[in-house]
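**Q** The structure's right below; bear with me while I get my questions together.
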Amino acid sequence: MEKPSTQTPLADQPITGKAARNQPGRHAPGKRTGGRLSGPTALAALAGVAAAAVVLAVAELLGAFFTARATPVIALGSTFIDFTPSWLKDFAIATFGTNDKVALFVGMAVTILLLACVLGIVAYRRWALGVAGVLLMGAVIVASVVTRAGVKPLDALPTLVGTAAGLIALRFLITRLWRMQQWPDQESDLAAKEPERPATSRRAFFAATGVTAAASAIAATGGRMLSAARSNIAQARESLQLPAPAKPAAAVPAGVQSAAPGVTPWLTPNNDFYRIDTALSVPEINVEDWELRVHGLVEQEVRLSFQDLLDAKLIESHVSLTCVSNPVGGNLAGNAKWLGMPIRDVLAMARPTDGADMVLSTSIDGFSASTPLEVLQDDRDAMLAIGMNGEALPLEHGYPVRMVVPGLYGFVSATKWVVDLEVTRFADSQAYWTQRGWSERGPIKTMARVEVPKSFAKVPAGRLAIGGTAWAQTRGITKVEVQIDNGPWTEATLADEASVITWRQWSFDWEATPGPHYIKARATDGTGEVQTDQRADPVPDGASGWQSVMVTVE
Ligand SMILES: Nc1nc2c(c(=O)[nH]1)N[C@H]1C(S)=C(S)[C@@H](COP(=O)(O)O)O[C@H]1N2
Ligand SMILES: [Mo]
């Protein structure tokens, strides 16, 4: 680093503002800030404050993506409250009343400010000691963060990164102070030879401090706004109690999982569920604010609150979702247990009029999907879902309410963060993706996916379990066949079927012989139709064709 060798502890050599001001022509005439304010000690304290601002701002910004109560200020404040002796707490409440939290934050701000000043001065005089001080502070914050209830160790990350950033900022600013100090503070030959003069380095220091402070302010404000939005919703979601369904999900047979090791779990955990949407940032919706408007070609316009949903006769059902953009063999599909209100019940309240053939569902962020009216009225359990695998919908999957419609690709049915249902006609209205060249309807195409072995895998010769997942929602899967190279199509073993609206897994035992081989799979749906080998791109209404996996047997 660029710490100058001529650096001497400030105390030993007080070339402070006073000496500087005695230099003729050094400063603009007139009143310089009264005395010591521009002296190195004050500047070092200022550097400390700026560095502390960096620590908090970076942690605040990153903290928006972690547990909200794990940001340094909140965690320290909570820890402080936890450790406050009751007499002090009582005193604070008696003195400040409902402003006790404000008082706490003012107290914390003053404490942090003073500590930052001290650390800045210490770092200026003894860098190593300053570093030790900053690290100690970082450790105290981390300890306060990770001991909060329900906070994960990973939540310490914003503080760790913030502390590192603060150290870098401190070094950056203190280095500029050292540069000022390096100058004999007299007009000298040396000064003339060097490019940087004291006044220049003082300016450089203030500029650096200003930039640091401004960047911190921006980061902190951004972080607060972000986390305010995120954390409230995330916490509300976590504390949401889902009602029991009036009609529970049908029992899942024991043998739904493929016998081949390595095939995806039959039930997709929420965290592994594919996510597709147009939202740059996940919409944040308060359940108190949420309302669904059902209108258009209806006899009775209906407005539903979230409470109305909670009070409704809910159903629970396993449904496999699929994205129209999923390529042959792709991963944009998942299977979950959904809890929600049947959309046919909602439509029954609104009473669509003759001529209506479509429901245009719109999300709070402007996405829309066109779903055939009859699909939402038949018995396939299309629903306004509020629960996914026993939890409230994850924010990314549509919290608080989304549509789930068995048998249709997501782009024409699965509107997340849904707030509006317009009963209309395909002839009159177009949905988001239809306007962009995709189909107006999207029944899911029959698909068999080979999951093990992986494409281009090298496998040992001998018995090998091939396996995967197939789907044809609402028709069901009745057969999966496997073809090795150009051999005969041979039936695979189907795992148990939960229902025709969930995917179905399969396995196939293969005696692998050395050399390169191609494995193909195709499914037959409940109508007896064999999956087409006709290759089609996802645009405009879904990919088709047989997947072919190349493996090398050794
Ligand atoms: N609001 C909104 N809902 C949406 C989308 C979107 O972009 N915005 N995308 C749809 C598409 S294309 C699919 S495949 C599914 C995906 O749902 P998931 O992210 O929960 O898997 O959501 C559908 N619902
Ligand atoms: Mo999709």
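By convention here, the chains of the structure tokens are called A, B, ... in the order presented, each chain's residues are numbered starting at 1, and ligands are numbered starting at 1 in the order presented.
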List the neighbours of segment 479-495 of chain A out to 6 Å using only C-alpha atoms; skip same-chain residues closer than 6 positions along the sequence, and give me the result as a PyMOL selection string.

**A** chain A and resi 255-256+258+505-508+517-524

**Q** DSSP on the backbone, strand (DSSP E or B) only: what residues of segment 66-302 of chain A does that give? Format it as number ranges by chain.

**A** A: 247, 291-296, 298, 302

**Q** Rank A:Ser363, A:Gln257, A:Ser305, A:Thr415 by their smallest atom-to-atom distance to ligand 2, using only C-alpha atoms and all ligand atoms, and report the top residue only.

**A**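 Once distances to ligand 2 are computed over only C-alpha atoms and all ligand atoms, the minimum belongs to A:Thr415.
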
**Q** Hey, which of A:Ser439, A:Asn326, A:Thr163, A:Asn389 ends up closest to ligand 2? Count only C-alpha atoms and all ligand atoms.

**A** A:Asn326

**Q** Excluding same-chain residues fewer than 3 positions from segment 461-466 of chain A, what lies within 6 Å of it counting only C-alpha atoms, as a PDB file with C-alpha atoms, in the first residue's frame?

**A**
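Output file part-v1.pdb is given in full below:
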```pdb
ATOM      1  CA  ALA A 260     -33.995 -44.901 -11.171  1.00  0.00           C
ATOM      2  CA  VAL A 452     -30.549 -40.132 -15.941  1.00  0.00           C
ATOM      3  CA  SER A 507     -37.523 -46.056 -15.190  1.00  0.00           C
ATOM      4  CA  PHE A 508     -35.889 -48.486 -17.560  1.00  0.00           C
ATOM      5  CA  ASP A 509     -33.188 -51.058 -16.903  1.00  0.00           C
ATOM      6  CA  TRP A 510     -30.559 -51.204 -19.570  1.00  0.00           C
ATOM      7  CA  GLU A 511     -27.659 -53.602 -20.092  1.00  0.00           C
ATOM      8  CA  ALA A 512     -25.129 -51.040 -21.311  1.00  0.00           C
ATOM      9  CA  THR A 513     -22.499 -52.252 -23.772  1.00  0.00           C
ATOM     10  CA  PRO A 514     -19.249 -50.335 -24.435  1.00  0.00           C
ATOM     11  CA  VAL A 553     -20.339 -46.553 -22.123  1.00  0.00           C
ATOM     12  CA  GLU A 554     -16.802 -47.483 -21.046  1.00  0.00           C
TER      13      GLU A 554
END
```

**Q** Which residues of chain A come within 9 Å of ligand 2, and for each one, what is the closest pair of atoms and their distance in Å to one decimal, counting only C-alpha atoms and all ligand atoms, sorted by chain and residue number, as a Markdown table?

**A**
```
| residue | atom | partner | partner_atom_place_in_ligand_line | distance |
| --- | --- | --- | --- | --- |
| A:Arg275 | CA | ligand 2 | 1 (Mo) | 8.7 |
| A:Ile276 | CA | ligand 2 | 1 (Mo) | 5.9 |
| A:Asp277 | CA | ligand 2 | 1 (Mo) | 7.3 |
| A:Thr322 | CA | ligand 2 | 1 (Mo) | 6.9 |
| A:Cys323 | CA | ligand 2 | 1 (Mo) | 3.5 |
| A:Val324 | CA | ligand 2 | 1 (Mo) | 4.8 |
| A:Ser325 | CA | ligand 2 | 1 (Mo) | 5.6 |
| A:Asn326 | CA | ligand 2 | 1 (Mo) | 7.6 |
| A:Leu332 | CA | ligand 2 | 1 (Mo) | 7.8 |
| A:Tyr409 | CA | ligand 2 | 1 (Mo) | 6.4 |
| A:Gly410 | CA | ligand 2 | 1 (Mo) | 4.8 |
| A:Phe411 | CA | ligand 2 | 1 (Mo) | 4.7 |
| A:Val412 | CA | ligand 2 | 1 (Mo) | 8.3 |
| A:Ala414 | CA | ligand 2 | 1 (Mo) | 8.5 |
```

**Q** Counting only C-alpha atoms, what is within 10 Å of Gly528 of chain A, bar same-chain residues fewer than 2 positions away, as a list in words?

**A**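 Answer for this query is Arg475, Gly476, Ile477, Thr478, Lys479, Ala523, Thr524, Asp525, Gly526, Val530 and Gln531 of chain A.
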
**Q** Which of these, A:Leu160, A:Ala333, A:Leu46, A:Leu62, has the shortest distance to Leu115 of chain A once you count only C-alpha atoms?

**A**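 Checking each of A:Leu160, A:Ala333, A:Leu46, A:Leu62 against Leu115 of chain A, counting only C-alpha atoms, the winner is A:Leu46.
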
**Q** Could you list, as JSON, numbers by chain, every residue within 7 Å of segment 317-321 of chain A, counting only C-alpha atoms and ignoring same-chain residues fewer than 2 positions away?

**A** {"A": [249, 315, 323, 333, 334, 335, 336, 337, 338, 339, 406, 409, 410, 501, 502, 503]}

**Q** Find the spatial neighbours of Ile444 of chain A, counting only C-alpha atoms, within a cut-off of 7 Å - ignore same-chain residues fewer than 6 positions away - and output them as an MDAnalysis selection string.

**A** chainID A and resid 407:409 472:473

**Q** Report as number ranges by chain all protein, DNA and RNA residues lying within 12 Å of Met403 of chain A, evaluated on only C-alpha atoms, omitting residues in the same chain fewer than 3 positions from it.

**A** A: 292, 319, 321, 338-343, 359-363, 368-371, 376, 381-388, 393, 397-400, 406, 408-421

**Q** Which is closest to Ala219 of chain A among A:Thr469, A:Val55, A:Gly515, A:Ala143, if we use only C-alpha atoms?

**A** A:Val55

**Q** Calculated over only C-alpha atoms and all ligand atoms, which of the candidates A:Asp308, A:Trp290, A:Phe273, A:Thr434 has the smallest distance to ligand 1?

**A** A:Phe273

**Q** Assign secondary structure with DSSP using the backbone only, and return the residues of segment 105-231 of chain A in alpha helix (DSSP H) as an mmCIF file with C-alpha atoms, in the first residue's frame.

**A**
```cif
data_model
loop_
_atom_site.group_PDB
_atom_site.id
_atom_site.type_symbol
_atom_site.label_atom_id
_atom_site.label_comp_id
_atom_site.auth_asym_id
_atom_site.auth_seq_id
_atom_site.Cartn_x
_atom_site.Cartn_y
_atom_site.Cartn_z
ATOM 1 C CA PHE A 105 -31.769 5.195 17.645
ATOM 2 C CA VAL A 106 -30.544 8.663 18.596
ATOM 3 C CA GLY A 107 -28.507 7.116 21.386
ATOM 4 C CA MET A 108 -27.098 4.537 18.996
ATOM 5 C CA ALA A 109 -26.296 7.181 16.394
ATOM 6 C CA VAL A 110 -24.369 9.253 18.920
ATOM 7 C CA THR A 111 -22.502 6.177 20.174
ATOM 8 C CA ILE A 112 -21.617 5.031 16.671
ATOM 9 C CA LEU A 113 -20.516 8.555 15.723
ATOM 10 C CA LEU A 114 -18.204 8.840 18.722
ATOM 11 C CA LEU A 115 -16.754 5.369 18.183
ATOM 12 C CA ALA A 116 -16.182 6.140 14.523
ATOM 13 C CA CYS A 117 -14.332 9.344 15.386
ATOM 14 C CA VAL A 118 -12.115 7.497 17.837
ATOM 15 C CA LEU A 119 -11.410 4.681 15.357
ATOM 16 C CA GLY A 120 -10.566 7.185 12.635
ATOM 17 C CA ILE A 121 -8.049 8.957 14.848
ATOM 18 C CA VAL A 122 -6.575 5.668 16.045
ATOM 19 C CA ALA A 123 -6.250 4.405 12.470
ATOM 20 C CA TYR A 124 -4.507 7.606 11.433
ATOM 21 C CA ARG A 125 -1.927 7.310 14.174
ATOM 22 C CA TRP A 127 -3.048 1.861 11.303
ATOM 23 C CA ALA A 128 -2.814 -1.659 12.706
ATOM 24 C CA LEU A 129 -4.555 -0.586 15.883
ATOM 25 C CA GLY A 130 -7.289 1.054 13.858
ATOM 26 C CA VAL A 131 -7.784 -2.120 11.840
ATOM 27 C CA ALA A 132 -8.010 -4.111 15.036
ATOM 28 C CA GLY A 133 -10.616 -1.693 16.333
ATOM 29 C CA VAL A 134 -12.708 -1.886 13.175
ATOM 30 C CA LEU A 135 -12.506 -5.699 13.154
ATOM 31 C CA LEU A 136 -13.557 -5.772 16.782
ATOM 32 C CA MET A 137 -16.562 -3.611 15.985
ATOM 33 C CA GLY A 138 -17.367 -5.876 13.045
ATOM 34 C CA ALA A 139 -17.161 -8.910 15.308
ATOM 35 C CA VAL A 140 -19.484 -7.286 17.850
ATOM 36 C CA ILE A 141 -22.049 -6.569 15.131
ATOM 37 C CA VAL A 142 -21.749 -10.080 13.687
ATOM 38 C CA ALA A 143 -22.249 -11.544 17.151
ATOM 39 C CA SER A 144 -25.314 -9.374 17.611
ATOM 40 C CA VAL A 145 -26.646 -10.383 14.193
ATOM 41 C CA VAL A 146 -26.226 -14.146 14.441
ATOM 42 C CA LEU A 157 -22.680 -11.683 5.291
ATOM 43 C CA PRO A 158 -23.872 -8.069 4.803
ATOM 44 C CA THR A 159 -22.050 -7.048 7.976
ATOM 45 C CA LEU A 160 -18.879 -8.873 6.943
ATOM 46 C CA VAL A 161 -18.878 -7.311 3.502
ATOM 47 C CA GLY A 162 -19.775 -3.930 5.003
ATOM 48 C CA THR A 163 -16.895 -4.127 7.449
ATOM 49 C CA ALA A 164 -14.473 -5.015 4.662
ATOM 50 C CA ALA A 165 -15.774 -2.117 2.565
ATOM 51 C CA GLY A 166 -15.466 0.214 5.567
ATOM 52 C CA LEU A 167 -11.857 -0.825 6.081
ATOM 53 C CA ILE A 168 -11.073 -0.135 2.445
ATOM 54 C CA ALA A 169 -12.751 3.281 2.666
ATOM 55 C CA LEU A 170 -10.872 4.078 5.849
ATOM 56 C CA ARG A 171 -7.563 3.118 4.275
ATOM 57 C CA PHE A 172 -8.416 5.181 1.207
ATOM 58 C CA LEU A 173 -9.173 8.296 3.271
ATOM 59 C CA ILE A 174 -6.409 7.918 5.844
ATOM 60 C CA THR A 175 -3.888 7.493 3.032
ATOM 61 C CA ARG A 176 -4.903 10.917 1.786
ATOM 62 C CA LEU A 177 -4.336 12.351 5.254
ATOM 63 C CA TRP A 178 -0.909 10.775 5.376
ATOM 64 C CA ARG A 179 -0.110 12.399 2.062
ATOM 65 C CA MET A 180 -0.965 15.775 3.548
ATOM 66 C CA GLN A 181 1.175 14.994 6.538
ATOM 67 C CA GLN A 182 4.052 13.962 4.293
ATOM 68 C CA ASP A 189 12.260 22.659 -2.967
ATOM 69 C CA LEU A 190 10.840 19.239 -2.272
ATOM 70 C CA ALA A 191 7.328 20.499 -2.562
ATOM 71 C CA ALA A 192 8.093 22.149 -5.864
ATOM 72 C CA LYS A 193 9.454 18.887 -7.281
ATOM 73 C CA PRO A 198 -0.634 20.109 0.492
ATOM 74 C CA ALA A 199 -3.574 22.233 -0.569
ATOM 75 C CA THR A 200 -4.125 19.770 -3.393
ATOM 76 C CA SER A 201 -4.013 16.774 -1.082
ATOM 77 C CA ARG A 202 -6.366 18.495 1.363
ATOM 78 C CA ARG A 203 -8.771 19.062 -1.473
ATOM 79 C CA ALA A 204 -8.287 15.449 -2.530
ATOM 80 C CA PHE A 205 -9.124 14.311 0.988
ATOM 81 C CA PHE A 206 -12.310 16.349 1.146
ATOM 82 C CA ALA A 207 -13.332 15.222 -2.298
ATOM 83 C CA ALA A 208 -12.733 11.582 -1.342
ATOM 84 C CA THR A 209 -14.661 12.021 1.898
ATOM 85 C CA GLY A 210 -17.507 13.737 0.125
ATOM 86 C CA VAL A 211 -17.761 11.008 -2.482
ATOM 87 C CA THR A 212 -17.624 8.322 0.213
ATOM 88 C CA ALA A 213 -20.342 10.020 2.245
ATOM 89 C CA ALA A 214 -22.565 10.600 -0.769
ATOM 90 C CA ALA A 215 -22.179 7.024 -1.992
ATOM 91 C CA SER A 216 -22.999 5.781 1.510
ATOM 92 C CA ALA A 217 -26.085 7.947 1.726
ATOM 93 C CA ILE A 218 -27.336 6.662 -1.608
ATOM 94 C CA ALA A 219 -26.596 3.035 -0.769
ATOM 95 C CA ALA A 220 -28.199 3.325 2.659
ATOM 96 C CA THR A 221 -31.325 5.010 1.343
ATOM 97 C CA GLY A 222 -31.636 2.459 -1.425
ATOM 98 C CA GLY A 223 -31.085 -0.360 1.016
ATOM 99 C CA ARG A 224 -33.702 0.974 3.422
ATOM 100 C CA MET A 225 -36.279 1.346 0.714
ATOM 101 C CA LEU A 226 -35.508 -2.100 -0.610
ATOM 102 C CA SER A 227 -35.610 -3.872 2.703
ATOM 103 C CA ALA A 228 -38.616 -1.930 3.959
ATOM 104 C CA ALA A 229 -40.526 -3.238 0.989
ATOM 105 C CA ARG A 230 -39.087 -6.723 1.108
ATOM 106 C CA SER A 231 -38.977 -7.462 4.798
#
```

**Q** Tell me which of A:Ala356, A:Leu395, A:Ala427, A:Val551 sits closest to ligand 1, counting only C-alpha atoms and all ligand atoms.

**A**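 Of all the options, A:Leu395 lies closest to ligand 1.
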
**Q** How many Å lie between atom CA of Phe306 of chain A and atom CA of Tyr274 of chain A, rounded to one decimal?

**A**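 The value is 25.5 Å.
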